[in-house]
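Novice: File final30.cif below, mmCIF, C-alpha atoms (C1' of nucleotides):
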```cif
data_my_file
#
loop_
_atom_site.group_PDB
_atom_site.id
_atom_site.type_symbol
_atom_site.label_atom_id
_atom_site.label_comp_id
_atom_site.auth_asym_id
_atom_site.auth_seq_id
_atom_site.Cartn_x
_atom_site.Cartn_y
_atom_site.Cartn_z
ATOM 1 C CA MET A 16 18.567 -88.206 -39.107
ATOM 2 C CA ALA A 17 18.407 -86.395 -42.404
ATOM 3 C CA GLN A 18 16.808 -88.586 -44.975
ATOM 4 C CA LYS A 19 19.006 -88.392 -48.053
ATOM 5 C CA ILE A 20 16.626 -90.402 -50.170
ATOM 6 C CA PRO A 21 14.386 -88.114 -52.272
ATOM 7 C CA GLN A 22 10.625 -88.021 -51.667
ATOM 8 C CA GLU A 23 10.092 -88.860 -55.320
ATOM 9 C CA ARG A 24 11.900 -92.169 -54.893
ATOM 10 C CA ILE A 25 10.075 -92.948 -51.660
ATOM 11 C CA LYS A 26 6.717 -92.468 -53.394
ATOM 12 C CA LYS A 27 7.723 -94.908 -56.122
ATOM 13 C CA ILE A 28 8.926 -97.481 -53.622
ATOM 14 C CA LEU A 29 5.712 -97.274 -51.579
ATOM 15 C CA LYS A 30 3.655 -97.644 -54.739
ATOM 16 C CA ILE A 31 5.534 -100.757 -55.855
ATOM 17 C CA LEU A 32 5.336 -102.301 -52.376
ATOM 18 C CA ARG A 33 1.553 -101.719 -52.282
ATOM 19 C CA ARG A 34 1.147 -103.249 -55.720
ATOM 20 C CA THR A 35 3.367 -106.254 -54.994
ATOM 21 C CA TYR A 36 1.905 -107.013 -51.546
ATOM 22 C CA PRO A 37 -1.680 -105.692 -51.712
ATOM 23 C CA ASN A 38 -3.276 -107.302 -48.660
ATOM 24 C CA VAL A 39 -0.494 -108.200 -46.258
ATOM 25 C CA LYS A 40 -1.086 -108.529 -42.564
ATOM 26 C CA THR A 41 0.777 -110.134 -39.700
ATOM 27 C CA ALA A 42 1.741 -113.768 -40.294
ATOM 28 C CA LEU A 43 1.404 -114.471 -36.565
ATOM 29 C CA HIS A 44 -1.786 -116.456 -35.932
ATOM 30 C CA HIS A 45 -3.904 -114.840 -33.218
ATOM 31 C CA ARG A 46 -7.518 -114.189 -32.254
ATOM 32 C CA ASN A 47 -7.127 -111.292 -29.826
ATOM 33 C CA PRO A 48 -4.550 -108.781 -28.488
ATOM 34 C CA LEU A 49 -3.333 -111.199 -25.799
ATOM 35 C CA GLU A 50 -2.533 -113.921 -28.327
ATOM 36 C CA LEU A 51 -0.781 -111.402 -30.556
ATOM 37 C CA LEU A 52 1.285 -110.133 -27.629
ATOM 38 C CA ILE A 53 2.397 -113.646 -26.732
ATOM 39 C CA SER A 54 3.068 -114.633 -30.350
ATOM 40 C CA THR A 55 5.171 -111.522 -30.834
ATOM 41 C CA ILE A 56 7.272 -112.199 -27.746
ATOM 42 C CA LEU A 57 7.825 -115.731 -29.047
ATOM 43 C CA SER A 58 8.815 -114.428 -32.496
ATOM 44 C CA ALA A 59 12.157 -113.007 -31.319
ATOM 45 C CA GLN A 60 14.920 -114.711 -33.325
ATOM 46 C CA CYS A 61 12.471 -117.380 -34.498
ATOM 47 C CA THR A 62 10.531 -117.958 -37.696
ATOM 48 C CA ASP A 63 6.818 -117.132 -37.647
ATOM 49 C CA LYS A 64 6.184 -120.623 -38.989
ATOM 50 C CA ARG A 65 7.540 -122.151 -35.800
ATOM 51 C CA VAL A 66 5.749 -119.602 -33.620
ATOM 52 C CA ASN A 67 2.418 -120.545 -35.231
ATOM 53 C CA GLN A 68 3.189 -124.211 -34.729
ATOM 54 C CA VAL A 69 3.853 -123.634 -31.024
ATOM 55 C CA THR A 70 0.918 -121.287 -30.401
ATOM 56 C CA GLU A 71 -1.610 -123.632 -31.960
ATOM 57 C CA THR A 72 -1.098 -126.002 -29.037
ATOM 58 C CA LEU A 73 -0.297 -123.297 -26.487
ATOM 59 C CA PHE A 74 -3.490 -121.307 -27.110
ATOM 60 C CA SER A 75 -5.613 -124.429 -26.881
ATOM 61 C CA LYS A 76 -4.363 -125.020 -23.352
ATOM 62 C CA LEU A 77 -4.029 -121.465 -22.054
ATOM 63 C CA ARG A 78 -6.659 -118.917 -23.073
ATOM 64 C CA THR A 79 -6.903 -116.008 -20.650
ATOM 65 C CA VAL A 80 -4.552 -113.515 -19.039
ATOM 66 C CA ARG A 81 -5.230 -115.356 -15.789
ATOM 67 C CA ASP A 82 -4.207 -118.670 -17.352
ATOM 68 C CA PHE A 83 -0.819 -117.268 -18.384
ATOM 69 C CA ALA A 84 -0.329 -115.365 -15.123
ATOM 70 C CA GLY A 85 -0.890 -118.565 -13.155
ATOM 71 C CA VAL A 86 0.932 -121.158 -15.254
ATOM 72 C CA SER A 87 3.986 -122.876 -13.781
ATOM 73 C CA LEU A 88 7.193 -121.652 -15.392
ATOM 74 C CA PRO A 89 8.577 -125.138 -16.163
ATOM 75 C CA ASP A 90 5.305 -126.057 -17.890
ATOM 76 C CA LEU A 91 5.306 -122.877 -19.982
ATOM 77 C CA GLU A 92 9.010 -123.297 -20.807
ATOM 78 C CA GLU A 93 8.384 -126.784 -22.079
ATOM 79 C CA MET A 94 5.484 -125.663 -24.270
ATOM 80 C CA ILE A 95 7.511 -122.921 -25.981
ATOM 81 C CA ARG A 96 10.970 -124.495 -25.878
ATOM 82 C CA SER A 97 11.389 -124.919 -29.631
ATOM 83 C CA THR A 98 11.158 -121.161 -30.233
ATOM 84 C CA GLY A 99 14.542 -120.605 -28.536
ATOM 85 C CA PHE A 100 15.316 -118.157 -25.684
ATOM 86 C CA TYR A 101 12.597 -120.116 -23.945
ATOM 87 C CA ARG A 102 13.545 -119.288 -20.355
ATOM 88 C CA ASN A 103 13.476 -115.525 -20.955
ATOM 89 C CA LYS A 104 10.350 -115.761 -23.070
ATOM 90 C CA ALA A 105 8.457 -117.866 -20.522
ATOM 91 C CA LYS A 106 9.457 -115.590 -17.663
ATOM 92 C CA ASN A 107 8.466 -112.482 -19.626
ATOM 93 C CA ILE A 108 5.127 -113.878 -20.805
ATOM 94 C CA LYS A 109 4.131 -114.805 -17.276
ATOM 95 C CA ALA A 110 5.360 -111.521 -15.749
ATOM 96 C CA CYS A 111 3.641 -109.598 -18.538
ATOM 97 C CA CYS A 112 0.304 -111.197 -17.801
ATOM 98 C CA ARG A 113 0.664 -110.621 -14.066
ATOM 99 C CA ASP A 114 1.270 -106.908 -14.784
ATOM 100 C CA ILE A 115 -1.660 -106.767 -17.189
ATOM 101 C CA LEU A 116 -3.858 -108.266 -14.501
ATOM 102 C CA LYS A 117 -2.593 -105.999 -11.704
ATOM 103 C CA LYS A 118 -2.035 -102.693 -13.474
ATOM 104 C CA HIS A 119 -4.302 -102.806 -16.524
ATOM 105 C CA GLY A 120 -7.445 -104.552 -15.385
ATOM 106 C CA GLY A 121 -6.668 -107.661 -17.411
ATOM 107 C CA LYS A 122 -6.681 -105.766 -20.720
ATOM 108 C CA VAL A 123 -3.660 -105.516 -23.036
ATOM 109 C CA PRO A 124 -2.668 -101.808 -23.013
ATOM 110 C CA ASP A 125 -3.366 -99.829 -26.197
ATOM 111 C CA ASN A 126 -0.595 -97.259 -25.906
ATOM 112 C CA MET A 127 3.186 -97.266 -26.406
ATOM 113 C CA GLU A 128 4.144 -95.980 -22.962
ATOM 114 C CA ALA A 129 2.282 -98.722 -21.101
ATOM 115 C CA LEU A 130 3.320 -101.483 -23.501
ATOM 116 C CA VAL A 131 7.065 -100.849 -23.333
ATOM 117 C CA ARG A 132 6.860 -100.856 -19.535
ATOM 118 C CA LEU A 133 5.789 -104.520 -19.661
ATOM 119 C CA PRO A 134 8.641 -107.036 -19.241
ATOM 120 C CA GLY A 135 9.978 -108.377 -22.546
ATOM 121 C CA ILE A 136 8.170 -105.787 -24.655
ATOM 122 C CA GLY A 137 10.181 -103.178 -26.555
ATOM 123 C CA ARG A 138 9.147 -100.773 -29.309
ATOM 124 C CA LYS A 139 9.144 -103.437 -32.014
ATOM 125 C CA THR A 140 6.708 -105.698 -30.167
ATOM 126 C CA ALA A 141 4.646 -102.717 -29.033
ATOM 127 C CA ASN A 142 4.291 -101.447 -32.593
ATOM 128 C CA VAL A 143 3.118 -104.872 -33.788
ATOM 129 C CA ILE A 144 0.373 -104.896 -31.146
ATOM 130 C CA LEU A 145 -0.607 -101.249 -31.642
ATOM 131 C CA GLY A 146 -0.842 -101.645 -35.410
ATOM 132 C CA SER A 147 -2.465 -105.043 -35.780
ATOM 133 C CA SER A 148 -4.714 -105.114 -32.695
ATOM 134 C CA PHE A 149 -5.633 -101.447 -32.271
ATOM 135 C CA GLY A 150 -5.048 -99.840 -35.681
ATOM 136 C CA ILE A 151 -2.663 -97.296 -34.173
ATOM 137 C CA PRO A 152 0.048 -96.250 -36.688
ATOM 138 C CA GLY A 153 3.628 -97.293 -36.007
ATOM 139 C CA ILE A 154 6.597 -98.695 -37.885
ATOM 140 C CA VAL A 155 7.780 -102.149 -36.865
ATOM 141 C CA VAL A 156 11.571 -102.286 -37.066
ATOM 142 C CA ASP A 157 12.410 -105.961 -36.862
ATOM 143 C CA THR A 158 15.363 -107.732 -38.461
ATOM 144 C CA HIS A 159 13.765 -107.523 -41.918
ATOM 145 C CA VAL A 160 12.776 -103.854 -41.818
ATOM 146 C CA LYS A 161 16.222 -103.024 -40.446
ATOM 147 C CA ARG A 162 18.032 -104.904 -43.213
ATOM 148 C CA LEU A 163 15.862 -103.640 -46.070
ATOM 149 C CA SER A 164 15.916 -100.053 -44.845
ATOM 150 C CA GLN A 165 19.687 -100.103 -44.869
ATOM 151 C CA ARG A 166 19.918 -101.770 -48.265
ATOM 152 C CA ILE A 167 17.386 -99.534 -49.983
ATOM 153 C CA GLY A 168 18.975 -96.444 -48.473
ATOM 154 C CA PHE A 169 16.200 -95.282 -46.152
ATOM 155 C CA THR A 170 18.727 -94.955 -43.333
ATOM 156 C CA THR A 171 22.396 -95.267 -42.425
ATOM 157 C CA GLU A 172 21.625 -95.940 -38.757
ATOM 158 C CA LYS A 173 22.130 -99.304 -37.048
ATOM 159 C CA ASP A 174 20.039 -98.820 -33.906
ATOM 160 C CA PRO A 175 16.471 -100.068 -34.583
ATOM 161 C CA ILE A 176 14.943 -97.164 -32.661
ATOM 162 C CA LYS A 177 16.891 -94.589 -34.672
ATOM 163 C CA ILE A 178 15.827 -96.405 -37.834
ATOM 164 C CA GLU A 179 12.217 -96.298 -36.673
ATOM 165 C CA PHE A 180 12.392 -92.513 -36.324
ATOM 166 C CA ASP A 181 14.173 -92.110 -39.674
ATOM 167 C CA LEU A 182 11.379 -94.073 -41.325
ATOM 168 C CA MET A 183 8.633 -92.153 -39.531
ATOM 169 C CA ALA A 184 10.173 -88.931 -40.822
ATOM 170 C CA ALA A 185 10.341 -90.206 -44.397
ATOM 171 C CA ILE A 186 7.034 -92.042 -44.737
ATOM 172 C CA PRO A 187 3.461 -90.714 -44.462
ATOM 173 C CA LYS A 188 1.797 -91.793 -41.214
ATOM 174 C CA LYS A 189 -1.141 -93.375 -43.031
ATOM 175 C CA ASP A 190 1.269 -95.844 -44.660
ATOM 176 C CA TRP A 191 3.183 -96.905 -41.517
ATOM 177 C CA ILE A 192 1.267 -100.079 -40.708
ATOM 178 C CA ASP A 193 1.032 -101.472 -44.245
ATOM 179 C CA PHE A 194 4.614 -100.415 -45.004
ATOM 180 C CA SER A 195 5.854 -102.494 -42.071
ATOM 181 C CA HIS A 196 4.012 -105.596 -43.253
ATOM 182 C CA GLN A 197 5.084 -105.093 -46.857
ATOM 183 C CA MET A 198 8.764 -104.694 -45.936
ATOM 184 C CA ILE A 199 8.662 -107.794 -43.736
ATOM 185 C CA GLN A 200 6.975 -109.791 -46.477
ATOM 186 C CA HIS A 201 9.487 -108.562 -49.041
ATOM 187 C CA GLY A 202 12.349 -109.447 -46.708
ATOM 188 C CA ARG A 203 11.034 -112.972 -46.392
ATOM 189 C CA ALA A 204 10.225 -113.444 -50.065
ATOM 190 C CA LEU A 205 13.098 -111.813 -51.993
ATOM 191 C CA CYS A 206 15.361 -109.493 -50.016
ATOM 192 C CA THR A 207 16.668 -112.246 -47.756
ATOM 193 C CA ALA A 208 19.665 -111.830 -45.469
ATOM 194 C CA ARG A 209 21.869 -114.463 -47.067
ATOM 195 C CA LYS A 210 21.121 -114.660 -50.763
ATOM 196 C CA PRO A 211 18.885 -111.777 -51.863
ATOM 197 C CA ARG A 212 17.297 -112.292 -55.283
ATOM 198 C CA CYS A 213 18.064 -108.821 -56.603
ATOM 199 C CA PRO A 214 17.512 -109.579 -60.315
ATOM 200 C CA GLU A 215 13.881 -110.503 -59.572
ATOM 201 C CA CYS A 216 13.267 -107.540 -57.264
ATOM 202 C CA PRO A 217 10.611 -105.020 -58.282
ATOM 203 C CA LEU A 218 12.606 -102.370 -56.385
ATOM 204 C CA ARG A 219 15.928 -103.085 -58.079
ATOM 205 C CA ASP A 220 16.024 -99.768 -59.960
ATOM 206 C CA LEU A 221 15.232 -97.790 -56.815
ATOM 207 C CA CYS A 222 17.630 -99.541 -54.429
ATOM 208 C CA ASP A 223 21.213 -98.736 -53.412
ATOM 209 C CA TYR A 224 22.053 -102.402 -52.898
ATOM 210 C CA GLY A 225 22.642 -105.437 -55.102
ATOM 211 C CA CYS A 226 22.642 -104.570 -58.795
ATOM 212 C CA ASN A 227 23.230 -100.885 -58.007
ATOM 213 C CA ALA A 228 25.815 -101.280 -55.266
ATOM 214 C CA ALA A 229 28.579 -98.720 -55.365
ATOM 215 C "C1'" DC B 20 28.612 -104.902 -25.571
ATOM 216 C "C1'" DT B 21 26.921 -109.612 -24.015
ATOM 217 C "C1'" DC B 22 23.635 -113.001 -23.035
ATOM 218 C "C1'" DC B 23 19.647 -115.684 -23.944
ATOM 219 C "C1'" DC B 24 18.873 -120.513 -27.457
ATOM 220 C "C1'" DG B 25 16.354 -124.110 -30.675
ATOM 221 C "C1'" DA B 26 15.646 -125.133 -35.591
ATOM 222 C "C1'" DT B 27 16.695 -124.661 -40.295
ATOM 223 C "C1'" DA B 28 18.925 -123.087 -44.741
ATOM 224 C "C1'" DT B 29 23.204 -122.576 -46.863
ATOM 225 C "C1'" DA C 14 30.185 -125.420 -39.509
ATOM 226 C "C1'" DT C 15 27.791 -121.212 -39.474
ATOM 227 C "C1'" DA C 16 24.460 -117.510 -40.332
ATOM 228 C "C1'" DT C 17 19.901 -116.368 -39.514
ATOM 229 C "C1'" DC C 18 15.222 -116.349 -37.841
ATOM 230 C "C1'" DA C 19 8.953 -110.766 -36.999
ATOM 231 C "C1'" DG C 20 14.275 -108.866 -29.966
ATOM 232 C "C1'" DG C 21 14.869 -107.337 -25.348
ATOM 233 C "C1'" DA C 22 17.327 -106.696 -21.054
ATOM 234 C "C1'" DG C 23 21.448 -106.120 -18.110
#
```
I need this file expressed as structure tokens, please.
Specialist:
Amino acid sequence: MAQKIPQERIKKILKILRRTYPNVKTALHHRNPLELLISTILSAQCTDKRVNQVTETLFSKLRTVRDFAGVSLPDLEEMIRSTGFYRNKAKNIKACCRDILKKHGGKVPDNMEALVRLPGIGRKTANVILGSSFGIPGIVVDTHVKRLSQRIGFTTEKDPIKIEFDLMAAIPKKDWIDFSHQMIQHGRALCTARKPRCPECPLRDLCDYGCNAA
DNA sequence: CTCCCGATAT
DNA sequence: ATATCAGGAG
């Protein structure tokens, strides 16, 4: 909806984020779009540290779309169990790869419409893949981007998809990919859910939360 | 809205 | 003990 936060302030925030996190990219270890897709499915409600720990072994055993499409569910479940939601994730990963094989010639789709039609892939996961594997601009609204956007005052919405569109309206398209990574990094480093370190925050003078809370 | 779910920080 | 971690589907 209507962005109440002035353009002037947005410019300053983007500038500080770029300066504070100059070369951020996804923390999910991957070598190709397939590995990123699987890592991102696994990352739901799980730390990227654990995902990387699991995928190191997983990707040494299963390498191709065919491998994942043909794996036995109990085997896959056991390999990813520690990431939580492991039954849903295993089922979705396998079904995803079967669809990619059948409907997309074994290639991970490079557009939003096709990606969100795959089982277990919503706009957040799709935007991660589009941005980091194909360089296609999108804003990743995960738990961090949601929380920070609300705290800073970018949005008053609660639905991640509405937040995504609020952010797209407020932020230049060329900044979407880096902005997502910078917000996620900032959420992990300082603007944490439980005990945000507002006094140390480079955005403290531009934020509605913490020190400046009403 | 609820359910899926293990691991870790607080 | 409980909130939270790069969510998505029914």
Novice: Can you write out as a Markdown table which residues of chain B fall within 10 Å of chain A, alongside each residue's closest atom pair and its distance in Å to one decimal, counting all atoms listed in the file and ordering rows by chain and ascending residue number?
Specialist:
```
| residue | atom | partner | partner_atom | distance |
| --- | --- | --- | --- | --- |
| B:DC23 | C1' | A:Phe100 | CA | 5.3 |
| B:DC24 | C1' | A:Gly99 | CA | 4.5 |
| B:DG25 | C1' | A:Gly99 | CA | 4.5 |
| B:DA26 | C1' | A:Ser97 | CA | 7.3 |
| B:DT27 | C1' | A:Thr62 | CA | 9.5 |
| B:DA28 | C1' | A:Arg209 | CA | 9.4 |
| B:DT29 | C1' | A:Arg209 | CA | 8.2 |
```
Novice: Within 7 Å of chain C, which residues belong to chain A? Use only C-alpha atoms (C1' of nucleotides) and report them as a list in words.
Specialist: Ser58, Ala59, Gln60, Cys61, Thr62, Asp63, Gly135, Ile136, Gly137 and Asp157 of chain A
Novice: May I ask for the distance between CA of Met198 in chain A and CA of His44 in chain A, given in Å to one decimal place?
Specialist: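 Going from CA of Met198 in chain A over to CA of His44 in chain A covers 18.7 Å.
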Novice: What does the distance between CA of Lys106 in chain A and CA of Leu133 in chain A come to in Å, to one decimal place?
Specialist: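 Atom-to-atom, CA of Lys106 in chain A and CA of Leu133 in chain A are spaced 11.8 Å apart.
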Novice: Measure the distance from CA of Ile31 in chain A to CA of Gly168 in chain A in Å and round it to one decimal.
Specialist: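 These two atoms are separated by 15.9 Å.
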Novice: For range 198-213 of chain A, I'd like the enclosing box, axis-aligned and padded by 5 Å on every side, reported as AutoDock Vina command-line options with centre and edge lengths in Å to one decimal.
Specialist:
```
--center_x 14.4 --center_y -109.7 --center_z -50.2 --size_x 24.9 --size_y 20.0 --size_z 22.9
```
